[in-house]
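Data from query.tsv: TSV, C-alpha atoms and all ligand atoms
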```
chain	number	residue	atom	x	y	z
A	6	MET	CA	-9.54	65.27	-67.15
A	7	THR	CA	-12.11	66.76	-69.50
A	8	LEU	CA	-15.31	68.37	-68.36
A	9	GLU	CA	-17.22	65.55	-70.07
A	10	ALA	CA	-15.23	62.88	-68.22
A	11	ARG	CA	-15.76	64.58	-64.87
A	12	SER	CA	-19.47	64.80	-65.51
A	13	ALA	CA	-19.92	61.14	-66.44
A	14	ARG	CA	-20.67	60.49	-62.77
A	15	ALA	CA	-22.99	62.91	-61.05
A	16	CYS	CA	-21.68	64.96	-58.17
A	17	TRP	CA	-24.37	63.46	-55.97
A	18	GLU	CA	-24.96	59.86	-56.86
A	19	THR	CA	-26.48	57.17	-54.66
A	20	ASP	CA	-26.36	53.44	-55.29
A	21	VAL	CA	-29.62	51.66	-54.58
A	22	ASP	CA	-30.43	47.97	-54.68
A	23	SER	CA	-32.18	46.53	-57.71
A	24	PRO	CA	-35.95	46.44	-57.34
A	25	ALA	CA	-37.14	43.44	-55.38
A	26	ASP	CA	-40.31	43.13	-57.42
A	27	GLY	CA	-38.72	44.15	-60.73
A	28	ARG	CA	-41.11	47.09	-61.12
A	29	SER	CA	-40.52	49.64	-58.40
A	30	ILE	CA	-37.77	50.74	-56.10
A	31	ASP	CA	-37.57	52.83	-52.96
A	32	LEU	CA	-34.99	55.59	-53.53
A	33	GLY	CA	-35.15	56.85	-49.96
A	34	THR	CA	-36.53	59.97	-48.36
A	35	VAL	CA	-37.41	62.98	-50.44
A	36	ASP	CA	-35.39	65.15	-48.05
A	37	ALA	CA	-32.24	63.77	-49.73
A	38	ILE	CA	-32.96	66.13	-52.63
A	39	PRO	CA	-32.93	69.85	-51.81
A	40	VAL	CA	-35.88	71.72	-53.31
A	41	GLY	CA	-34.93	73.04	-56.72
A	42	GLU	CA	-32.23	70.44	-57.36
A	43	GLY	CA	-31.71	66.92	-58.69
A	44	ARG	CA	-29.84	63.86	-57.52
A	45	ALA	CA	-28.66	60.75	-59.34
A	46	TYR	CA	-29.48	57.21	-58.29
A	47	ARG	CA	-27.74	54.20	-59.74
A	48	VAL	CA	-30.35	51.49	-60.21
A	49	GLY	CA	-28.97	48.26	-61.62
A	50	GLY	CA	-27.11	49.16	-64.79
A	51	LYS	CA	-28.54	52.63	-65.23
A	52	THR	CA	-28.43	55.98	-63.52
A	53	VAL	CA	-31.66	57.87	-63.04
A	54	ALA	CA	-31.82	61.56	-62.18
A	55	VAL	CA	-34.62	62.54	-59.81
A	56	PHE	CA	-35.62	66.19	-59.65
A	57	ARG	CA	-37.47	68.06	-56.93
A	58	PRO	CA	-38.50	71.38	-58.49
A	59	ARG	CA	-40.15	74.15	-56.56
A	60	ASP	CA	-43.62	73.11	-57.79
A	61	GLY	CA	-43.61	70.34	-55.17
A	62	ARG	CA	-43.63	67.48	-57.67
A	63	LEU	CA	-41.01	64.84	-58.44
A	64	TYR	CA	-39.69	63.85	-61.87
A	65	ALA	CA	-37.26	61.18	-63.00
A	66	LEU	CA	-35.21	61.04	-66.20
A	67	ASP	CA	-32.31	59.01	-67.46
A	68	ASN	CA	-29.31	60.88	-66.09
A	69	ARG	CA	-27.17	60.67	-69.23
A	70	CYS	CA	-27.55	63.56	-71.63
A	71	PRO	CA	-27.79	62.21	-75.20
A	72	HIS	CA	-25.44	64.93	-76.47
A	73	ARG	CA	-22.16	64.10	-74.74
A	74	ALA	CA	-23.17	62.24	-71.59
A	75	GLY	CA	-23.51	65.16	-69.21
A	76	SER	CA	-25.06	64.40	-65.85
A	77	LEU	CA	-28.54	65.92	-65.92
A	78	ALA	CA	-28.81	65.54	-62.14
A	79	ASP	CA	-26.21	68.30	-61.92
A	80	GLY	CA	-28.16	70.61	-64.21
A	81	ILE	CA	-30.09	73.76	-63.44
A	82	VAL	CA	-33.75	73.05	-62.61
A	83	GLY	CA	-36.51	75.56	-63.27
A	84	GLY	CA	-39.58	76.29	-65.35
A	85	GLY	CA	-40.46	72.61	-65.66
A	86	ALA	CA	-37.11	71.78	-67.26
A	87	VAL	CA	-33.49	70.93	-66.53
A	88	ILE	CA	-30.55	72.46	-68.39
A	89	CYS	CA	-27.61	70.13	-68.98
A	90	PRO	CA	-24.54	71.50	-67.17
A	91	LEU	CA	-22.18	70.84	-70.07
A	92	HIS	CA	-23.59	72.56	-73.16
A	93	GLY	CA	-27.03	73.78	-72.25
A	94	TRP	CA	-29.44	71.37	-73.86
A	95	LYS	CA	-32.77	71.81	-72.09
A	96	PHE	CA	-35.04	68.87	-71.21
A	97	GLU	CA	-38.67	68.98	-70.14
A	98	LEU	CA	-38.92	67.28	-66.74
A	99	ALA	CA	-42.33	65.72	-67.36
A	100	SER	CA	-41.52	64.07	-70.68
A	101	GLY	CA	-37.75	64.03	-71.20
A	102	ARG	CA	-38.20	65.87	-74.50
A	103	CYS	CA	-35.35	68.17	-75.44
A	104	LEU	CA	-36.67	71.68	-75.95
A	105	ASN	CA	-33.84	73.06	-78.08
A	106	GLU	CA	-32.58	70.03	-80.03
A	107	SER	CA	-34.11	66.96	-81.61
A	108	ALA	CA	-33.46	64.55	-78.77
A	109	ARG	CA	-35.10	62.93	-75.80
A	110	VAL	CA	-34.22	61.11	-72.59
A	111	ARG	CA	-36.42	58.48	-71.04
A	112	SER	CA	-38.73	59.60	-68.27
A	113	TYR	CA	-39.94	57.45	-65.39
A	114	PRO	CA	-42.87	57.81	-63.03
A	115	VAL	CA	-41.82	58.57	-59.48
A	116	VAL	CA	-44.28	58.90	-56.63
A	117	LEU	CA	-44.05	60.06	-53.04
A	118	MET	CA	-45.29	57.60	-50.39
A	119	ASP	CA	-44.94	58.49	-46.73
A	120	GLY	CA	-42.07	60.82	-47.53
A	121	ARG	CA	-40.21	58.23	-49.59
A	122	MET	CA	-39.58	58.36	-53.33
A	123	ILE	CA	-40.74	55.29	-55.22
A	124	LEU	CA	-39.40	54.93	-58.76
A	125	LEU	CA	-41.65	52.90	-61.05
A	126	LEU	CA	-39.92	50.83	-63.68
A	127	GLU	CA	-42.97	49.24	-65.29
A	128	GLY	CA	-42.36	48.44	-68.92
A	129	GLU	CA	-38.61	48.17	-68.48
A	130	ALA	CA	-37.05	45.84	-70.99
A	201	LIG	S1	-23.63	66.86	-72.76
A	201	LIG	FE1	-23.77	68.50	-74.16
A	201	LIG	S2	-25.69	69.39	-73.70
A	201	LIG	FE2	-25.57	67.70	-72.38
```
Transcribe the structure of this file into structure tokens.
Amino acid sequence: MTLEARSARACWETDVDSPADGRSIDLGTVDAIPVGEGRAYRVGGKTVAVFRPRDGRLYALDNRCPHRAGSLADGIVGGGAVICPLHGWKFELASGRCLNESARVRSYPVVLMDGRMILLLEGEA
């Protein structure tokens, strides 16, 4: 099995139900993500990586790296960015913009309510 094939599914991936209201979804408690790491959540037909950097904020990006489908949830988090574990493309957590290549992944708002992470999917097609 290639490294790319192994990384198609994140090491830590949680299935969650589709959003009841079509716009937001409760991903569970923030404690599920260790500080300084990311975790992947399968929501409907997509997988979203949620990151909990040391700055105390939460960020959510599409989990699939646009280069060769690496799992960004398994990347190294720091300095407001995540580094893809496969070939090192670096993505800004706040925007999804790639900092060393001409690429981007979609970012999603995620908020903390009573210790639970709420992913907002407004504007989803
Ligand atoms: S899969 Fe190559 S940098 Fe992400």
* Would you list the contacts of segment 94-110 of chain A as a PyMOL selection string, taking every protein, DNA or RNA residue within 9 Å and counting all atoms listed in the file, but skipping same-chain residues closer than 2 positions in sequence? => chain A and resi 56+63-72+77+82+84-92+112-113
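With all atoms listed in the file as the basis for measurement, A:Arg73 is the residue among A:Arg121, A:Lys51, A:Arg73, A:Arg28 that approaches ligand LIG 201 (chain A) most closely.
Our summary of the geometry notes that atom S1 of ligand LIG 201 (chain A) is positioned 11.9 Å from atom CA of Ala78 of chain A.
For the choices A:Val48, A:Ile123, A:Ile81, A:Val116, the atom-to-atom distance to Leu32 of chain A is smallest for A:Ile123 when using all atoms listed in the file.
You will find atom FE1 of ligand LIG 201 (chain A) at 17.5 Å from atom CA of Gly43 of chain A.
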* Closest of A:Glu42, A:Ala37, A:Met122, A:Asp79 to Asp60 of chain A - atom-to-atom distances counting all atoms listed in the file -> A:Glu42
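The space between atom CA of Leu117 of chain A and atom CA of Ala74 of chain A spans 28.0 Å.
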Using all atoms of ligand LIG 201 (chain A) listed in the file and a margin of 6 Å per side, can you give the axis-aligned box centre and edge lengths in Å to one decimal, as lines of an AutoDock Vina configuration file?
```
center_x = -24.7
center_y = 68.1
center_z = -73.3
size_x = 14.1
size_y = 14.5
size_z = 13.8
```
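Here the question is which of A:Gly83, A:Asp20, A:Gly50, A:Arg62 gets nearest to Val115 of chain A using all atoms listed in the file, and that residue is A:Arg62.
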